Amino acid sequence: RPIDELTIWDDAKAMLKKARREGVETVHDRLDQQTPHCKFCELGTTCRNCTMGPCRVSEKRPRGVCGADADVIVARNFGRFVTGGAAGHSDHGRDLIEVLEAIVEGEAPDYKITDEGKLFRLAGEVGIETEGRELMAVAEDLMECFFADFGSRKKSVSLLSRVPEVRKEKWAKLGMTPRGVDREIAEMMHRTHMGCDNDAPNTLIHAARTALADGWGGSMIGTELSDVIFGTPTPKMSTANLAVIKEDKVNLLVHGHNPVVSEMILAAAREPEMVARAKELGATGINVAGLCCTGNELLMRQGIPMAGNHLMTELAIITGAVEAVVVDYQCIMPSLVQISGCYHTKFIDTANKARFTGAIHFDFQPRTAMKQAREIVSIAIEAFAERDAGRVEIPGEPIEIMTGFSNEAVIEALGGTLDPLVKAIADGDIRGAVGIVGCNNPKIKHDSLNVGLTKELIKKDILVIVTGCVTTAAGKAGLLVPEAIEMAGPGLKKICGALGIPPVLHYGSCVDNSRIIQLCAALANELGVDISDLPVGASSPEWYSEKAAAIGLYAVASGIYTHLGHPPNILGSETVTNLAVSGLEDLVGASFFIEPDAVKTAEMFDERIKAKRKGLGL
Ligand code: BF8
Ligand code: SF4
C-alpha cells in the first residue's frame, strides 16, 4: 500500500520511506503478507479448546465435534479474549502491590511512598482505620487489602466502594459483581473448557464480571498505587512526536506499561555521573523519551517527552538515533528486536514474564532497581559511540502538549469540588464528555480516527479525555494545549479558556482509564443518579488489543455507551453480536456501537448525550 494511505503523520511517512529505502520490514509489510485473514477466525467461529477439534463452524457444518454451535464458540472465544486483557492490566496492578509490599518490608531502598495523603485517603475508602496511625502500618493494611482483592475470599473488590449503589444493585442482580480479580480470570478459563458454560449470554455476563474486576480492581489498584509510589500527576507541559529524539544526545526510549521500571531508568539517567559519561563520548546529555503507556506514565508524572504511540514504535528506531529501547511488558512488538538489530540500538527487556529472544535481559527487582537501572543506562550511553551518523534522520519539530490531569488535579483546578464541572454540564457549556482510549491498528490509517473523532467531538462542546495511544495522536494534532480551544465549540472554549486548560485532557495510560470511571462514579454520586444516566461515552477508534476489549466491556458494564471503530471477532454469532450492540442496553444501561466513520460516530455520541441530558432534565 502507498505510504500516504498508511498514516496521517509526516514524521511517520518520512520513517516509512526510510524503512523502505533501507530494506527494513515494518508492521504494515507484515499486515500485507497476512491479508486476507482467515474468515472463520475473523467471525470468531473457530475453536481450539480441545483435541477433538480444532473445529470451524459454518452454515454447512453448524456444530463442532462436541456439539458446540457458533453462539457458544464465539462467546467462549470473546470471553477468553477479554480475560487476556483483564489479566494483563491486573497482573500489572499486582506488580505495584508487590512494590508496596517491598517498601513496607524495607526491601525496596529505591522506592518510597511519595503521596502519603493519597495512601491515607485510599485506606479510608476501603475501610482501613487511619486515625492516629503510622504511615507504614496503614500501608501494610492497604497492601493486604489489595492482595486480597485478587483472591477468592471476598464478595466484591474493595474499590467498588466508589460505585453508585444503584449500579452495584444492578450488578448483584445480574451476577456481575466482581469478586476477586484472579478468581474471575480463572473462572473464565474454567467456563470455557469443553463441556462447561454452553450458554452464550451466560458466558458474556461472566466476561463482563471479569472486565469489571479489571476496571474497578486490577487497573484501579495499578493506577492508585502508582500515584502513591511515584506521585499523583499534576498539570505540566511536554512535547510529542519523533522530533523529541535528539541528534546530539544519548536517546533512551522506555516502552511498555509499568512505571516501576521506567521511573528508575529516568532517575538513573538524571544522575550526574551518567550525564558526565555521556558527555565524555561526545553527547550533550541523556534524553529519556517515552513510547506507549509507560511513556504516558512518565509523561503524566515527570513530563518526559513522548516519541510515539503503538505504530510509531518501530519507526522510532528507524531514525537511527536511538541508543536503547528498554521494555517491560505489553504491546511491545517482537519485531523491535529485529529492527534494533538493523541499527546500533540495544534492545533491553526487564521482566521474566516478557522476555524477547535476542534481547539483553535484566531480571528487574525492587531490591536492586537502581543498580540495575544504572547498568541499563550505561549500556545505552556506551552505544552512542556505535551510532552511524550517516544513517540518522529525525523528522520535523516537536509539538507542545499539556499533560498531568489526574482527578485530584482536575478537582484542585476546579477549586476543590466537582460543583463547577456539574454547573458547566448543567448550563450546557460542556454538553457531555467522551473518553477516547486505546491503540493503533495497521488495518486503520494510523491515527486518522483517533484525531478525527476528537476534533468532531470538541466542536460539539463535548469534552474529550484521552489515555493510552490516543494521547500522542491528540498531542501531535495540537489538541493537548490550551490554544486548542480555537478548535472547540463556544461552550468548551469558554470553560477551558477560563481555566487555562485544553479541551482535550490527557488522563494517563491505559490502566488509568480507571481514573475515568472513577470520575464518572463521582459525578453520578454527586447527582444521585446511576453512571448510565450521565451524558458521557467512551470510544476506542483504532483498538487492537485484548486489553482494549476488556476496557470497552468494563465501560459498558459500568453503564457507559462505548464506540469501537471496528468489531471484535464476534460477528459469527448473531446472539453475541446482538447482545453487544443492543441487548446489553437492557441489562446494564449501555451497549457497544461499531462505526468506522469519525463524523457519524460523533453524531451518535451527540444523540446519546442529548437523550441523557434530557433524562436529567437539562
Ligand atoms: O495499554 S493503547 S496499543 S500501549 S493497549 Fe497498547 Fe493499545 Fe497503546 Fe498501552 Ni493500551
Ligand atoms: Fe471442537 Fe468442541 Fe473441542 Fe471446540 S471444544 S475444538 S468445538 S470439539
# chains A, B, ... in the order shown; residues from 1 in each chain; ligands from 1
>>> select_by_dssp(residues="segment 60-123 of chain A", states="helix (DSSP H, G or I)", output="MDAnalysis selection string")
chainID A and resid 70:104 116:123
>>> residues_around(residues="Glu165 of chain A", least_positions_apart="6", cutoff="10 Å", atoms="only C-alpha atoms", output="ChimeraX atom specification")
/A:171,525,528-530
>>> atom_distance(atom1="atom CA of Ala268 of chain A", atom2="atom CA of Ile113 of chain A")
18.6 Å
>>> residues_near_ligand(ligand="ligand 1", cutoff="6 Å", atoms="only C-alpha atoms and all ligand atoms", output="list in words")
Cys292, Cys293, His310, Cys331, Gly438, Cys439, Asn440, Gly468, Cys469, Cys510, Ser545, Lys547 and Ala548 of chain A
>>> residues_near_ligand(ligand="ligand 2", cutoff="7 Å", atoms="only C-alpha atoms and all ligand atoms", output="PDB file with N, CA and C atoms, in the first residue's frame")
ATOM      1  N   CYS A  47     -12.713 -22.969  16.924  1.00  0.00           N
ATOM      2  CA  CYS A  47     -12.469 -23.353  18.314  1.00  0.00           C
ATOM      3  C   CYS A  47     -11.284 -24.309  18.366  1.00  0.00           C
ATOM      4  N   ARG A  48     -10.369 -24.036  19.298  1.00  0.00           N
ATOM      5  CA  ARG A  48      -9.216 -24.908  19.506  1.00  0.00           C
ATOM      6  C   ARG A  48      -9.145 -25.307  20.983  1.00  0.00           C
ATOM      7  N   ASN A  49     -10.303 -25.363  21.625  1.00  0.00           N
ATOM      8  CA  ASN A  49     -10.276 -25.626  23.063  1.00  0.00           C
ATOM      9  C   ASN A  49     -10.119 -27.098  23.423  1.00  0.00           C
ATOM     10  N   CYS A  50     -10.085 -27.999  22.431  1.00  0.00           N
ATOM     11  CA  CYS A  50      -9.778 -29.392  22.747  1.00  0.00           C
ATOM     12  C   CYS A  50      -9.259 -30.105  21.513  1.00  0.00           C
ATOM     13  N   THR A  51      -8.767 -31.307  21.698  1.00  0.00           N
ATOM     14  CA  THR A  51      -8.163 -32.014  20.553  1.00  0.00           C
ATOM     15  C   THR A  51      -9.126 -32.960  19.840  1.00  0.00           C
ATOM     16  N   MET A  52     -10.423 -32.887  20.193  1.00  0.00           N
ATOM     17  CA  MET A  52     -11.394 -33.500  19.276  1.00  0.00           C
ATOM     18  C   MET A  52     -11.491 -32.611  18.038  1.00  0.00           C
ATOM     19  N   GLY A  53     -11.174 -31.324  18.242  1.00  0.00           N
ATOM     20  CA  GLY A  53     -11.108 -30.356  17.149  1.00  0.00           C
ATOM     21  C   GLY A  53      -9.676 -30.235  16.692  1.00  0.00           C
ATOM     22  N   PRO A  54      -9.202 -29.126  16.176  1.00  0.00           N
ATOM     23  CA  PRO A  54      -9.913 -27.849  16.097  1.00  0.00           C
ATOM     24  C   PRO A  54     -11.123 -27.893  15.158  1.00  0.00           C
ATOM     25  N   CYS A  55     -12.108 -27.038  15.481  1.00  0.00           N
ATOM     26  CA  CYS A  55     -13.341 -27.020  14.706  1.00  0.00           C
ATOM     27  C   CYS A  55     -13.588 -25.640  14.107  1.00  0.00           C
ATOM     28  N   GLY A  64     -19.419 -27.963  16.218  1.00  0.00           N
ATOM     29  CA  GLY A  64     -18.110 -28.585  16.381  1.00  0.00           C
ATOM     30  C   GLY A  64     -18.272 -30.041  16.775  1.00  0.00           C
ATOM     31  N   VAL A  65     -17.170 -30.758  16.882  1.00  0.00           N
ATOM     32  CA  VAL A  65     -17.228 -32.193  17.188  1.00  0.00           C
ATOM     33  C   VAL A  65     -18.008 -32.452  18.470  1.00  0.00           C
ATOM     34  N   CYS A  66     -17.823 -31.594  19.481  1.00  0.00           N
ATOM     35  CA  CYS A  66     -18.518 -31.782  20.763  1.00  0.00           C
ATOM     36  C   CYS A  66     -19.974 -31.358  20.699  1.00  0.00           C
ATOM     37  N   GLY A  67     -20.341 -30.637  19.637  1.00  0.00           N
ATOM     38  CA  GLY A  67     -21.718 -30.176  19.525  1.00  0.00           C
ATOM     39  C   GLY A  67     -21.884 -28.683  19.770  1.00  0.00           C
ATOM     40  N   ALA A  68     -20.786 -27.991  20.094  1.00  0.00           N
ATOM     41  CA  ALA A  68     -20.888 -26.541  20.343  1.00  0.00           C
ATOM     42  C   ALA A  68     -21.261 -25.810  19.057  1.00  0.00           C
ATOM     43  N   ILE A  73     -19.284 -21.000  20.667  1.00  0.00           N
ATOM     44  CA  ILE A  73     -17.864 -20.851  20.308  1.00  0.00           C
ATOM     45  C   ILE A  73     -17.462 -19.379  20.302  1.00  0.00           C
ATOM     46  N   MET A 194     -14.044 -27.316  27.482  1.00  0.00           N
ATOM     47  CA  MET A 194     -15.082 -28.124  26.853  1.00  0.00           C
ATOM     48  C   MET A 194     -16.066 -28.645  27.904  1.00  0.00           C
TER      49      MET A 194
END
>>> closest_residue(among="A:Gly285, A:Gly475, A:Gly23, A:Pro503", to="Glu247 of chain A", atoms="only C-alpha atoms")
A:Gly285
>>> residues_around(residues="Lys173 of chain A", least_positions_apart="4", cutoff="12 Å", atoms="only C-alpha atoms", output="VMD selection string")
chain A and resid 166 to 169 177 205 587 to 588
>>> write_last_selection(atoms="C-alpha atoms", output="compact mmCIF listing (two decimals), in the first residue's frame")
# COMPACT_ATOMS: atom_id res chain seq x y z
CA VAL A 166 -27.94 1.56 42.09
CA ARG A 167 -25.20 0.28 39.82
CA LYS A 168 -23.99 -2.22 42.40
CA GLU A 169 -27.54 -3.48 42.84
CA THR A 177 -20.37 -8.26 40.81
CA ILE A 205 -22.14 -11.96 31.76
CA LEU A 587 -29.17 -5.31 31.21
CA VAL A 588 -26.62 -2.65 32.14
>>> residues_around(residues="Leu299 of chain A", least_positions_apart="6", cutoff="8 Å", atoms="only C-alpha atoms", output="list in words")
Ser238, Gly290, Pro305, Met306, Thr403 and Gly404 of chain A
>>> residues_around(residues="Ala359 of chain A", least_positions_apart="4", cutoff="7 Å", atoms="only C-alpha atoms", output="ChimeraX atom specification")
/A:337,347-349
>>> closest_residue(among="A:Met370, A:Ile425, A:Ala108, A:Ala316", to="Val261 of chain A", atoms="only C-alpha atoms")
A:Met370
